[in-house]
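*Asks:* The structure that follows is given in the form of structure tokens.
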Amino acid sequence: MKKLLFALPLLFAGLILFSCGTTKPVVEEKPEISQEETDIKNENPLTCEYKVVTKSDSSYYLQYELEYPEFTNNPVLNNAIQNDFLNPFKKLTVSTKKEWDEENQIRMEENPESYYTPSAYEYVLSLNQVLESDDFFTLIFDEYTYLGGAHGSPMTRTINYSKKENKVLTISEATGMSLEKISRLCYDCLLSSMEEYDLNDIDWIQNGTEPIEENFETFAITDEGRTLTVYFNPYQVAPYAWGILAVRIEL
């Protein structure tokens, strides 16, 4: 029988946990990856040898920092990183220049006397953790995008790889559980946890945990394959101020 452990709000700089049965938080510091550790080798040469690639640049319309692993002999994981992050980033560099130039032109035309140069947009992708068990290889990323407005958008992103099957897994493939079951467990935990803090928008939680693939794309297999962690990015199940929420389920 699957056991529900807890829900937690995840902030960009750290992790705040709270049990479904208690309101006392426990803070876990985010692990750091030093600049010197750019070449990391694993005991399994077929799947897990990689180096950490870092890139950064700054222009008048976009400032960015990228940090991601590049695998020496795993095309499946390299393709996943390319499709999930690098290709969308290339499109972002084109779209942000067009949007920034257009908005800047409007500012100049509407009020040339008080015209000012607006801040550049921002994009940051950083490798938070690399988790490995006998069966799974999980990459957890922090992503931050600022495209103007009151605040940027922090997100958690993940890639979960099966060593045995040599493929990137969906949440149902990784756990053997149906979306309906995962949805029900997450809904119950989020609702009970939020009620303790007087935030119980049932419709919001219900929509964000509806049993469809897009609601459960961000997850991680942790604790040597014994725990499923499901991440809910801002606005999915709660207001922006709640940050990134997560539910952990014992497998």
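The way I read the labels, and the way they are meant: chains A, B, ... in the order of the structure tokens, residue 1 as the first residue of every chain, and ligand 1 as the first ligand shown, with later ones counted on from there.
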Where in segment 37-196 of chain A does DSSP assign alpha helix (DSSP H), given as an NGL selection string?

*Replies:* :A and (75-81 or 87-110 or 171-175 or 179-195)

*Asks:* With only C-alpha atoms as the counted atoms, please give the residues lying no more than 12 Å from Asp203 of chain A, apart from itself and same-chain residues fewer than 5 positions off, as a PDB file with all heavy atoms, in the first residue's frame.

*Replies:*
ATOM      1  N   TYR A 187      -3.830  15.120  -4.283  1.00  0.00           N
ATOM      2  CA  TYR A 187      -4.961  15.989  -3.923  1.00  0.00           C
ATOM      3  C   TYR A 187      -5.224  15.934  -2.424  1.00  0.00           C
ATOM      4  O   TYR A 187      -5.363  16.968  -1.758  1.00  0.00           O
ATOM      5  CB  TYR A 187      -6.200  15.568  -4.698  1.00  0.00           C
ATOM      6  CG  TYR A 187      -7.452  16.310  -4.284  1.00  0.00           C
ATOM      7  CD1 TYR A 187      -7.755  17.549  -4.834  1.00  0.00           C
ATOM      8  CD2 TYR A 187      -8.333  15.767  -3.338  1.00  0.00           C
ATOM      9  CE1 TYR A 187      -8.908  18.238  -4.445  1.00  0.00           C
ATOM     10  CE2 TYR A 187      -9.466  16.435  -2.952  1.00  0.00           C
ATOM     11  CZ  TYR A 187      -9.755  17.669  -3.506  1.00  0.00           C
ATOM     12  OH  TYR A 187     -10.884  18.343  -3.127  1.00  0.00           O
ATOM     13  N   LEU A 191      -4.577  19.199   0.008  1.00  0.00           N
ATOM     14  CA  LEU A 191      -5.756  19.786   0.632  1.00  0.00           C
ATOM     15  C   LEU A 191      -5.617  19.807   2.149  1.00  0.00           C
ATOM     16  O   LEU A 191      -5.865  20.826   2.798  1.00  0.00           O
ATOM     17  CB  LEU A 191      -7.005  19.017   0.231  1.00  0.00           C
ATOM     18  CG  LEU A 191      -8.337  19.619   0.705  1.00  0.00           C
ATOM     19  CD1 LEU A 191      -8.550  20.994   0.085  1.00  0.00           C
ATOM     20  CD2 LEU A 191      -9.499  18.697   0.347  1.00  0.00           C
ATOM     21  N   GLY A 208      -5.287  21.463 -10.626  1.00  0.00           N
ATOM     22  CA  GLY A 208      -3.844  21.230 -10.727  1.00  0.00           C
ATOM     23  C   GLY A 208      -3.431  19.794 -10.516  1.00  0.00           C
ATOM     24  O   GLY A 208      -2.313  19.411 -10.877  1.00  0.00           O
ATOM     25  N   THR A 209      -4.321  18.985  -9.922  1.00  0.00           N
ATOM     26  CA  THR A 209      -4.014  17.562  -9.718  1.00  0.00           C
ATOM     27  C   THR A 209      -4.916  16.662 -10.551  1.00  0.00           C
ATOM     28  O   THR A 209      -4.990  15.458 -10.301  1.00  0.00           O
ATOM     29  CB  THR A 209      -4.160  17.187  -8.226  1.00  0.00           C
ATOM     30  OG1 THR A 209      -5.501  17.455  -7.802  1.00  0.00           O
ATOM     31  CG2 THR A 209      -3.184  17.960  -7.367  1.00  0.00           C
ATOM     32  N   GLU A 210      -5.591  17.244 -11.527  1.00  0.00           N
ATOM     33  CA  GLU A 210      -6.416  16.424 -12.424  1.00  0.00           C
ATOM     34  C   GLU A 210      -5.531  15.358 -13.069  1.00  0.00           C
ATOM     35  O   GLU A 210      -4.389  15.638 -13.452  1.00  0.00           O
ATOM     36  CB  GLU A 210      -7.035  17.312 -13.498  1.00  0.00           C
ATOM     37  CG  GLU A 210      -7.987  16.588 -14.426  1.00  0.00           C
ATOM     38  CD  GLU A 210      -8.543  17.512 -15.498  1.00  0.00           C
ATOM     39  OE1 GLU A 210      -8.296  18.733 -15.436  1.00  0.00           O
ATOM     40  OE2 GLU A 210      -9.214  16.983 -16.405  1.00  0.00           O
ATOM     41  N   GLN A 236       0.017  26.311 -10.215  1.00  0.00           N
ATOM     42  CA  GLN A 236      -0.632  25.060 -10.613  1.00  0.00           C
ATOM     43  C   GLN A 236      -1.686  24.631  -9.596  1.00  0.00           C
ATOM     44  O   GLN A 236      -2.801  24.261  -9.977  1.00  0.00           O
ATOM     45  CB  GLN A 236       0.396  23.940 -10.792  1.00  0.00           C
ATOM     46  CG  GLN A 236      -0.225  22.637 -11.297  1.00  0.00           C
ATOM     47  CD  GLN A 236       0.780  21.560 -11.598  1.00  0.00           C
ATOM     48  OE1 GLN A 236       1.988  21.806 -11.648  1.00  0.00           O
ATOM     49  NE2 GLN A 236       0.312  20.336 -11.793  1.00  0.00           N
ATOM     50  N   VAL A 237      -1.337  24.678  -8.312  1.00  0.00           N
ATOM     51  CA  VAL A 237      -2.293  24.275  -7.273  1.00  0.00           C
ATOM     52  C   VAL A 237      -2.471  25.339  -6.194  1.00  0.00           C
ATOM     53  O   VAL A 237      -3.283  25.156  -5.286  1.00  0.00           O
ATOM     54  CB  VAL A 237      -1.878  22.942  -6.603  1.00  0.00           C
ATOM     55  CG1 VAL A 237      -1.928  21.788  -7.597  1.00  0.00           C
ATOM     56  CG2 VAL A 237      -0.496  23.052  -5.968  1.00  0.00           C
ATOM     57  N   ALA A 238      -1.719  26.435  -6.292  1.00  0.00           N
ATOM     58  CA  ALA A 238      -1.774  27.470  -5.255  1.00  0.00           C
ATOM     59  C   ALA A 238      -1.223  28.774  -5.812  1.00  0.00           C
ATOM     60  O   ALA A 238      -0.579  28.784  -6.862  1.00  0.00           O
ATOM     61  CB  ALA A 238      -0.964  27.035  -4.029  1.00  0.00           C
TER      62      ALA A 238
END

*Asks:* Using only C-alpha atoms, can you tell me which of A:Asp57, A:Glu103, A:Glu250, A:Glu217 comes closest to Thr156 of chain A?

*Replies:* A:Glu217

*Asks:* Name the residues in contact with segment 74-90 of chain A at a cut-off of 10 Å, using only C-alpha atoms, excluding same-chain residues fewer than 6 positions from it; report them as a short mmCIF file (atom, residue, chain, number, x, y, z; two decimals) with N, CA, C and O atoms, in the first residue's frame.

*Replies:*
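This is the output file selection-v8.cif:
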data_model
loop_
_atom_site.label_atom_id
_atom_site.label_comp_id
_atom_site.auth_asym_id
_atom_site.auth_seq_id
_atom_site.Cartn_x
_atom_site.Cartn_y
_atom_site.Cartn_z
N PRO A 45 29.68 3.29 -16.86
CA PRO A 45 30.13 4.06 -18.01
C PRO A 45 29.14 4.09 -19.15
O PRO A 45 29.25 4.90 -20.05
N LEU A 46 28.15 3.19 -19.14
CA LEU A 46 27.19 3.12 -20.24
C LEU A 46 26.18 4.26 -20.18
O LEU A 46 25.65 4.68 -21.20
N THR A 47 25.88 4.74 -18.99
CA THR A 47 24.79 5.70 -18.89
C THR A 47 25.12 6.98 -18.13
O THR A 47 24.46 7.98 -18.30
N CYS A 48 26.13 6.95 -17.27
CA CYS A 48 26.21 8.00 -16.25
C CYS A 48 27.49 8.83 -16.27
O CYS A 48 27.77 9.52 -15.30
N GLU A 49 28.26 8.80 -17.31
CA GLU A 49 29.44 9.63 -17.37
C GLU A 49 29.08 10.95 -18.05
O GLU A 49 28.57 10.97 -19.17
N TYR A 50 29.36 12.04 -17.38
CA TYR A 50 28.97 13.32 -17.94
C TYR A 50 29.87 14.44 -17.42
O TYR A 50 30.62 14.27 -16.46
N TYR A 64 21.46 35.61 -19.49
CA TYR A 64 21.17 34.21 -19.21
C TYR A 64 22.37 33.48 -18.61
O TYR A 64 23.53 33.86 -18.82
N LEU A 66 23.32 29.22 -18.04
CA LEU A 66 22.92 27.83 -18.26
C LEU A 66 23.90 26.90 -17.56
O LEU A 66 25.11 27.11 -17.62
N TYR A 68 24.05 22.60 -17.24
CA TYR A 68 23.38 21.33 -17.53
C TYR A 68 24.42 20.24 -17.80
O TYR A 68 25.56 20.54 -18.19
N TYR A 123 17.02 34.66 -17.95
CA TYR A 123 16.75 33.22 -17.96
C TYR A 123 17.91 32.51 -17.27
O TYR A 123 19.08 32.75 -17.60
N LEU A 125 19.07 28.57 -15.88
CA LEU A 125 18.86 27.13 -15.75
C LEU A 125 20.05 26.57 -14.98
O LEU A 125 21.20 26.74 -15.39
N PHE A 137 17.90 7.08 -12.92
CA PHE A 137 18.84 8.20 -12.95
C PHE A 137 17.99 9.46 -13.12
O PHE A 137 17.30 9.62 -14.12
N LEU A 139 17.51 13.71 -12.93
CA LEU A 139 18.10 15.05 -12.98
C LEU A 139 17.05 16.06 -12.51
O LEU A 139 15.92 16.05 -12.99
N GLU A 143 14.82 26.36 -12.71
CA GLU A 143 14.67 27.22 -13.88
C GLU A 143 14.00 28.52 -13.46
O GLU A 143 13.04 28.51 -12.69
N ARG A 157 12.25 21.56 -12.73
CA ARG A 157 12.12 20.72 -13.92
C ARG A 157 12.88 19.43 -13.66
O ARG A 157 13.93 19.44 -13.00
N THR A 158 12.42 18.33 -14.19
CA THR A 158 13.07 17.04 -13.95
C THR A 158 13.12 16.18 -15.20
O THR A 158 12.31 16.34 -16.11
N ILE A 159 14.09 15.28 -15.21
CA ILE A 159 14.19 14.21 -16.21
C ILE A 159 14.44 12.92 -15.45
O ILE A 159 15.37 12.84 -14.63
N ASN A 160 13.64 11.90 -15.71
CA ASN A 160 13.77 10.61 -15.02
C ASN A 160 14.05 9.52 -16.05
O ASN A 160 13.25 9.28 -16.96
N TYR A 161 15.18 8.86 -15.89
CA TYR A 161 15.68 7.91 -16.89
C TYR A 161 15.75 6.50 -16.30
O TYR A 161 16.19 6.31 -15.15
N ASN A 166 16.47 2.03 -20.90
CA ASN A 166 17.16 3.04 -21.70
C ASN A 166 16.16 4.03 -22.31
O ASN A 166 16.14 4.28 -23.51
N LYS A 167 15.33 4.62 -21.45
CA LYS A 167 14.33 5.57 -21.90
C LYS A 167 13.99 6.55 -20.79
O LYS A 167 14.18 6.25 -19.60
N VAL A 168 13.49 7.71 -21.19
CA VAL A 168 12.95 8.68 -20.23
C VAL A 168 11.54 8.25 -19.87
O VAL A 168 10.73 7.93 -20.75
#
